[in-house]
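A.B. asks: Let me give you the structure first, and then I'll get to my questions.
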Amino acid sequence: MTIKPRLLLAGGDTDPQLVRLLKRAALHDIPVHCLLTGQSGSPRLHWDIHRNRLLDDDKEVAVSAAFIRQDVFAYLKSNNAQDNSAAREWFVSVSGWLLSSPDIALCNRRFLPCGGVNKPYMLRLALSMGFNVADTYVSNDLLAMAQLHEHGEWVAKPVTGGAYCTPLAAHEITGNNILSYPQIVQRRLASPELRVFRIGNAWFGFLIQAEALDYRSASSTRMQVVDVPDDLVEKLAYLSDHLGLDFAAADFKTDSHTGEWQFLEINTNPMFAGFDQVAAGALSDALLTYLGLLQE
């Protein structure tokens, strides 16, 4: 008897990406095993390393595919560092079992042990692969940043991500003239923005229009499905193959002088729920197909 493919969803129970994928799996009658933490509490997990047997509430977890995300939403709501630490422990534990289970279909299997993207390195790598990259500095030098502030418009964002992009502020020059940690300082780009998803060998483009500098902070954002330019597909395929990514999203913004797309970053486990709604479920269905849970 053929066993019907079964999907494991692991992460936070308020993560819109997991909620969206759960709904699409239900729509396609795909059985789902959830290992979710958050408002509903935590699973009772027991992993026998020697036998590589994972138990959830004394029942063995048996799945053919998995989709996992580290929960960030519990910490965003509580601002409690313990929630952030717990989410990391859960992610490492479950992803460790998945990495030890090669028969389970999994996005970014080769990349997953790396733990994340180094954004400054990724800009250098993209530049070396022929992408357009706006003038960028990684700096905590207040004097150098003050000089940039006097000549043109610049933005600042965290080296590790997790916060909005903001206009470069004019800092007061005091003491040793340094910030306590570096930040990314980049020449300001213009709307529109382009997000490109890769899911296996499928590509999905979305044009984003927003009045805010960072569209995630905008009260109203307009998104539409668009074709991805062939040259970007070629470069992104090369970049994502180099990194071992089969599920990713790259962001671009417009150079107001040339009109050319400028590479911003590539996300290795991107949020996709809002884009999936605009695309009438195309992203979720592509993920389910790539994981072997839907027929093409």
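By convention here, the chains of the structure tokens are called A, B, ... in the order presented, each chain's residues are numbered starting at 1, and ligands are numbered starting at 1 in the order presented.
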Could you find all residues in stretch 34-147 of chain A that DSSP calls strand (DSSP E) from the backbone, and write them as number ranges by chain?

C.D. replies: A: 34-37, 45-48, 53-56, 59-60, 65-68, 105-106, 136-141

A.B. asks: What's the 10 Å shell around A:Tyr75, counting only C-alpha atoms, without same-chain residues fewer than 3 positions away, as an NGL selection string?

C.D. replies: :A and (38 or 71-72 or 78-87)

A.B. asks: Neighbours of A:Gly281 within 10 Å (only C-alpha atoms; same-chain residues fewer than 4 positions away dropped), as a list in words?

C.D. replies: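 Residues near the query, excluding close chain neighbours: Arg20, Leu21, Lys23, Arg24, Ala273, Gly274, Phe275, Asp276, Gln277, Asp285 and Ala286 of chain A.
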
A.B. asks: Using the selection just defined, write its residues with N, CA and C atoms as a short mmCIF file (atom, residue, chain, number, x, y, z; two decimals), in the first residue's frame.

C.D. replies:
data_model
loop_
_atom_site.label_atom_id
_atom_site.label_comp_id
_atom_site.auth_asym_id
_atom_site.auth_seq_id
_atom_site.Cartn_x
_atom_site.Cartn_y
_atom_site.Cartn_z
N ARG A 20 -0.27 29.99 6.47
CA ARG A 20 -0.65 29.99 5.05
C ARG A 20 -0.40 28.62 4.41
N LEU A 21 0.77 28.04 4.68
CA LEU A 21 1.11 26.75 4.09
C LEU A 21 0.20 25.65 4.64
N LYS A 23 -2.92 26.01 5.54
CA LYS A 23 -4.22 26.14 4.86
C LYS A 23 -4.17 25.59 3.44
N ARG A 24 -3.08 25.87 2.73
CA ARG A 24 -2.96 25.36 1.36
C ARG A 24 -2.82 23.83 1.35
N ALA A 273 3.79 34.93 2.98
CA ALA A 273 2.33 34.83 3.08
C ALA A 273 1.62 35.93 2.31
N GLY A 274 2.05 37.18 2.47
CA GLY A 274 1.40 38.29 1.78
C GLY A 274 1.54 38.18 0.27
N PHE A 275 2.73 37.79 -0.19
CA PHE A 275 2.96 37.62 -1.63
C PHE A 275 2.12 36.46 -2.17
N ASP A 276 1.97 35.41 -1.36
CA ASP A 276 1.20 34.25 -1.79
C ASP A 276 -0.27 34.61 -1.99
N GLN A 277 -0.78 35.51 -1.16
CA GLN A 277 -2.16 35.96 -1.33
C GLN A 277 -2.32 36.70 -2.65
N ASP A 285 1.70 26.57 -3.37
CA ASP A 285 1.55 25.39 -4.22
C ASP A 285 2.89 24.97 -4.82
N ALA A 286 3.73 25.95 -5.17
CA ALA A 286 5.06 25.62 -5.69
C ALA A 286 5.91 24.94 -4.63
#

A.B. asks: From a DSSP pass on the backbone, collect the residues of stretch 11-226 of chain A flagged as helix (DSSP H, G or I) and hand them back as a VMD selection string.

C.D. replies: chain A and resid 16 to 27 73 to 78 81 to 99 112 to 114 119 to 128 142 to 150 215 to 217

A.B. asks: Could the residues in this selection be written to a file with C-alpha atoms, as a PDB file, in the first residue's frame?

C.D. replies:
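Output file out_26.pdb is given in full below:
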ATOM      1  CA  PRO A  16       1.773  33.738   8.900  1.00  0.00           C
ATOM      2  CA  GLN A  17       3.972  31.721   6.543  1.00  0.00           C
ATOM      3  CA  LEU A  18       3.277  28.461   8.378  1.00  0.00           C
ATOM      4  CA  VAL A  19      -0.420  29.301   8.778  1.00  0.00           C
ATOM      5  CA  ARG A  20      -0.653  29.988   5.053  1.00  0.00           C
ATOM      6  CA  LEU A  21       1.109  26.753   4.089  1.00  0.00           C
ATOM      7  CA  LEU A  22      -1.063  24.772   6.523  1.00  0.00           C
ATOM      8  CA  LYS A  23      -4.217  26.139   4.864  1.00  0.00           C
ATOM      9  CA  ARG A  24      -2.960  25.359   1.359  1.00  0.00           C
ATOM     10  CA  ALA A  25      -2.000  21.820   2.419  1.00  0.00           C
ATOM     11  CA  ALA A  26      -5.508  21.322   3.832  1.00  0.00           C
ATOM     12  CA  LEU A  27      -6.976  22.619   0.563  1.00  0.00           C
ATOM     13  CA  PHE A  73       6.871  36.460  16.251  1.00  0.00           C
ATOM     14  CA  ALA A  74       6.740  35.429  19.929  1.00  0.00           C
ATOM     15  CA  TYR A  75       9.732  37.677  20.670  1.00  0.00           C
ATOM     16  CA  LEU A  76       8.316  40.558  18.611  1.00  0.00           C
ATOM     17  CA  LYS A  77       5.158  40.415  20.714  1.00  0.00           C
ATOM     18  CA  SER A  78       6.741  39.953  24.151  1.00  0.00           C
ATOM     19  CA  ALA A  81      14.852  37.679  25.249  1.00  0.00           C
ATOM     20  CA  GLN A  82      13.891  34.246  26.588  1.00  0.00           C
ATOM     21  CA  ASP A  83      11.383  33.848  23.759  1.00  0.00           C
ATOM     22  CA  ASN A  84      14.128  34.570  21.227  1.00  0.00           C
ATOM     23  CA  SER A  85      16.471  32.058  22.861  1.00  0.00           C
ATOM     24  CA  ALA A  86      13.757  29.397  23.065  1.00  0.00           C
ATOM     25  CA  ALA A  87      12.905  29.845  19.385  1.00  0.00           C
ATOM     26  CA  ARG A  88      16.540  29.325  18.460  1.00  0.00           C
ATOM     27  CA  GLU A  89      16.786  26.164  20.594  1.00  0.00           C
ATOM     28  CA  TRP A  90      13.659  24.729  18.959  1.00  0.00           C
ATOM     29  CA  PHE A  91      14.907  25.570  15.468  1.00  0.00           C
ATOM     30  CA  VAL A  92      18.325  23.995  16.020  1.00  0.00           C
ATOM     31  CA  SER A  93      16.803  20.875  17.601  1.00  0.00           C
ATOM     32  CA  VAL A  94      14.231  20.138  14.900  1.00  0.00           C
ATOM     33  CA  SER A  95      16.472  21.184  11.998  1.00  0.00           C
ATOM     34  CA  GLY A  96      19.155  18.878  13.454  1.00  0.00           C
ATOM     35  CA  TRP A  97      16.784  15.939  13.136  1.00  0.00           C
ATOM     36  CA  LEU A  98      15.812  16.978   9.618  1.00  0.00           C
ATOM     37  CA  LEU A  99      19.453  17.263   8.555  1.00  0.00           C
ATOM     38  CA  LEU A 112      20.692  24.919   6.514  1.00  0.00           C
ATOM     39  CA  PRO A 113      23.764  24.055   8.658  1.00  0.00           C
ATOM     40  CA  CYS A 114      25.280  27.469   7.847  1.00  0.00           C
ATOM     41  CA  LYS A 119      24.681  40.412   4.544  1.00  0.00           C
ATOM     42  CA  PRO A 120      27.909  42.390   3.905  1.00  0.00           C
ATOM     43  CA  TYR A 121      29.574  39.317   2.413  1.00  0.00           C
ATOM     44  CA  MET A 122      26.491  38.705   0.272  1.00  0.00           C
ATOM     45  CA  LEU A 123      26.755  42.219  -1.196  1.00  0.00           C
ATOM     46  CA  ARG A 124      30.396  41.574  -2.109  1.00  0.00           C
ATOM     47  CA  LEU A 125      29.506  38.184  -3.578  1.00  0.00           C
ATOM     48  CA  ALA A 126      26.631  39.644  -5.617  1.00  0.00           C
ATOM     49  CA  LEU A 127      28.927  42.399  -6.891  1.00  0.00           C
ATOM     50  CA  SER A 128      31.479  39.821  -8.011  1.00  0.00           C
ATOM     51  CA  LEU A 142      30.789  58.714  13.050  1.00  0.00           C
ATOM     52  CA  LEU A 143      33.142  61.094  11.242  1.00  0.00           C
ATOM     53  CA  ALA A 144      33.023  59.055   8.046  1.00  0.00           C
ATOM     54  CA  MET A 145      29.240  58.791   8.264  1.00  0.00           C
ATOM     55  CA  ALA A 146      28.944  62.536   8.865  1.00  0.00           C
ATOM     56  CA  GLN A 147      30.830  63.147   5.613  1.00  0.00           C
ATOM     57  CA  LEU A 148      28.470  60.825   3.765  1.00  0.00           C
ATOM     58  CA  HIS A 149      25.481  62.597   5.336  1.00  0.00           C
ATOM     59  CA  GLU A 150      26.702  65.910   3.899  1.00  0.00           C
ATOM     60  CA  TYR A 215       7.778  49.000   2.510  1.00  0.00           C
ATOM     61  CA  ARG A 216       7.339  46.759   5.583  1.00  0.00           C
ATOM     62  CA  SER A 217       6.598  49.878   7.647  1.00  0.00           C
TER      63      SER A 217
END

A.B. asks: Name all residues at most 7 Å from stretch 9-12 of chain A (count only C-alpha atoms; drop same-chain ones fewer than 2 positions away) and give them as a list in words.

C.D. replies: Leu7, Thr14, Asp15, Leu18, His33, Cys34, Leu35, Leu36, Thr37, Gly38, Ala66, Phe67, Ile68, Arg69, Gln70 and Asp71 of chain A

A.B. asks: For A:Arg195, which residue out of A:Thr160, A:Gln39, A:Asn267, A:Thr258 is the nearest one, using only C-alpha atoms?

C.D. replies: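 The shortest atom-to-atom distance to A:Arg195 comes from A:Asn267.
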
A.B. asks: Kindly give the distance, in Å, that separates atom CA of A:Ala190 and atom CA of A:Tyr238, rounded to a single decimal.

C.D. replies: 26.0 Å

A.B. asks: Measure the distance from atom CA of A:His242 to atom CA of A:Tyr290 in Å and round it to one decimal.

C.D. replies: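 Pair atom CA of A:His242 / atom CA of A:Tyr290 returns 19.4 Å.
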
A.B. asks: Show which residues sit within 8 Å of stretch 178-182 of chain A, as a PyMOL selection string. Count only C-alpha atoms, and ignore same-chain residues fewer than 5 positions away.

C.D. replies: chain A and resi 138-142+158-159

A.B. asks: Restrict the selected residues to N, CA and C atoms and save them as a CSV table (one decimal), in the first residue's frame.

C.D. replies:
chain,number,residue,atom,x,y,z
A,138,VAL,N,30.1,49.5,5.6
A,138,VAL,CA,29.8,48.9,6.9
A,138,VAL,C,30.7,49.6,7.8
A,139,SER,N,30.1,50.4,8.7
A,139,SER,CA,30.9,51.4,9.5
A,139,SER,C,30.3,51.7,10.9
A,140,ASN,N,31.1,52.0,11.8
A,140,ASN,CA,30.7,52.6,13.1
A,140,ASN,C,31.5,53.9,13.3
A,141,ASP,N,32.1,54.4,12.2
A,141,ASP,CA,32.9,55.6,12.2
A,141,ASP,C,32.0,56.8,12.0
A,142,LEU,N,31.7,57.6,13.1
A,142,LEU,CA,30.8,58.7,13.1
A,142,LEU,C,31.3,59.8,12.1
A,158,PRO,N,20.7,47.5,10.0
A,158,PRO,CA,21.5,46.6,10.8
A,158,PRO,C,22.3,45.6,9.9
A,159,VAL,N,23.5,45.3,10.3
A,159,VAL,CA,24.3,44.3,9.6
A,159,VAL,C,23.6,42.9,9.6

A.B. asks: Which one is closest to A:Ala249: A:Asn177, A:Asn118, A:Thr166, A:Asn269? Count only C-alpha atoms.

C.D. replies: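 For A:Ala249, the nearest of the given residues is A:Asn269.
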
A.B. asks: I'd like the neighbourhood of A:Phe197 as a ChimeraX atom specification, where a residue qualifies if any of its atoms comes within 12 Å (using only C-alpha atoms), though same-chain residues fewer than 5 positions away should be ignored.

C.D. replies: /A:202-207,225-228,232-233,236-237,240,245-252,266-272,275-276,279,282-284,286-287
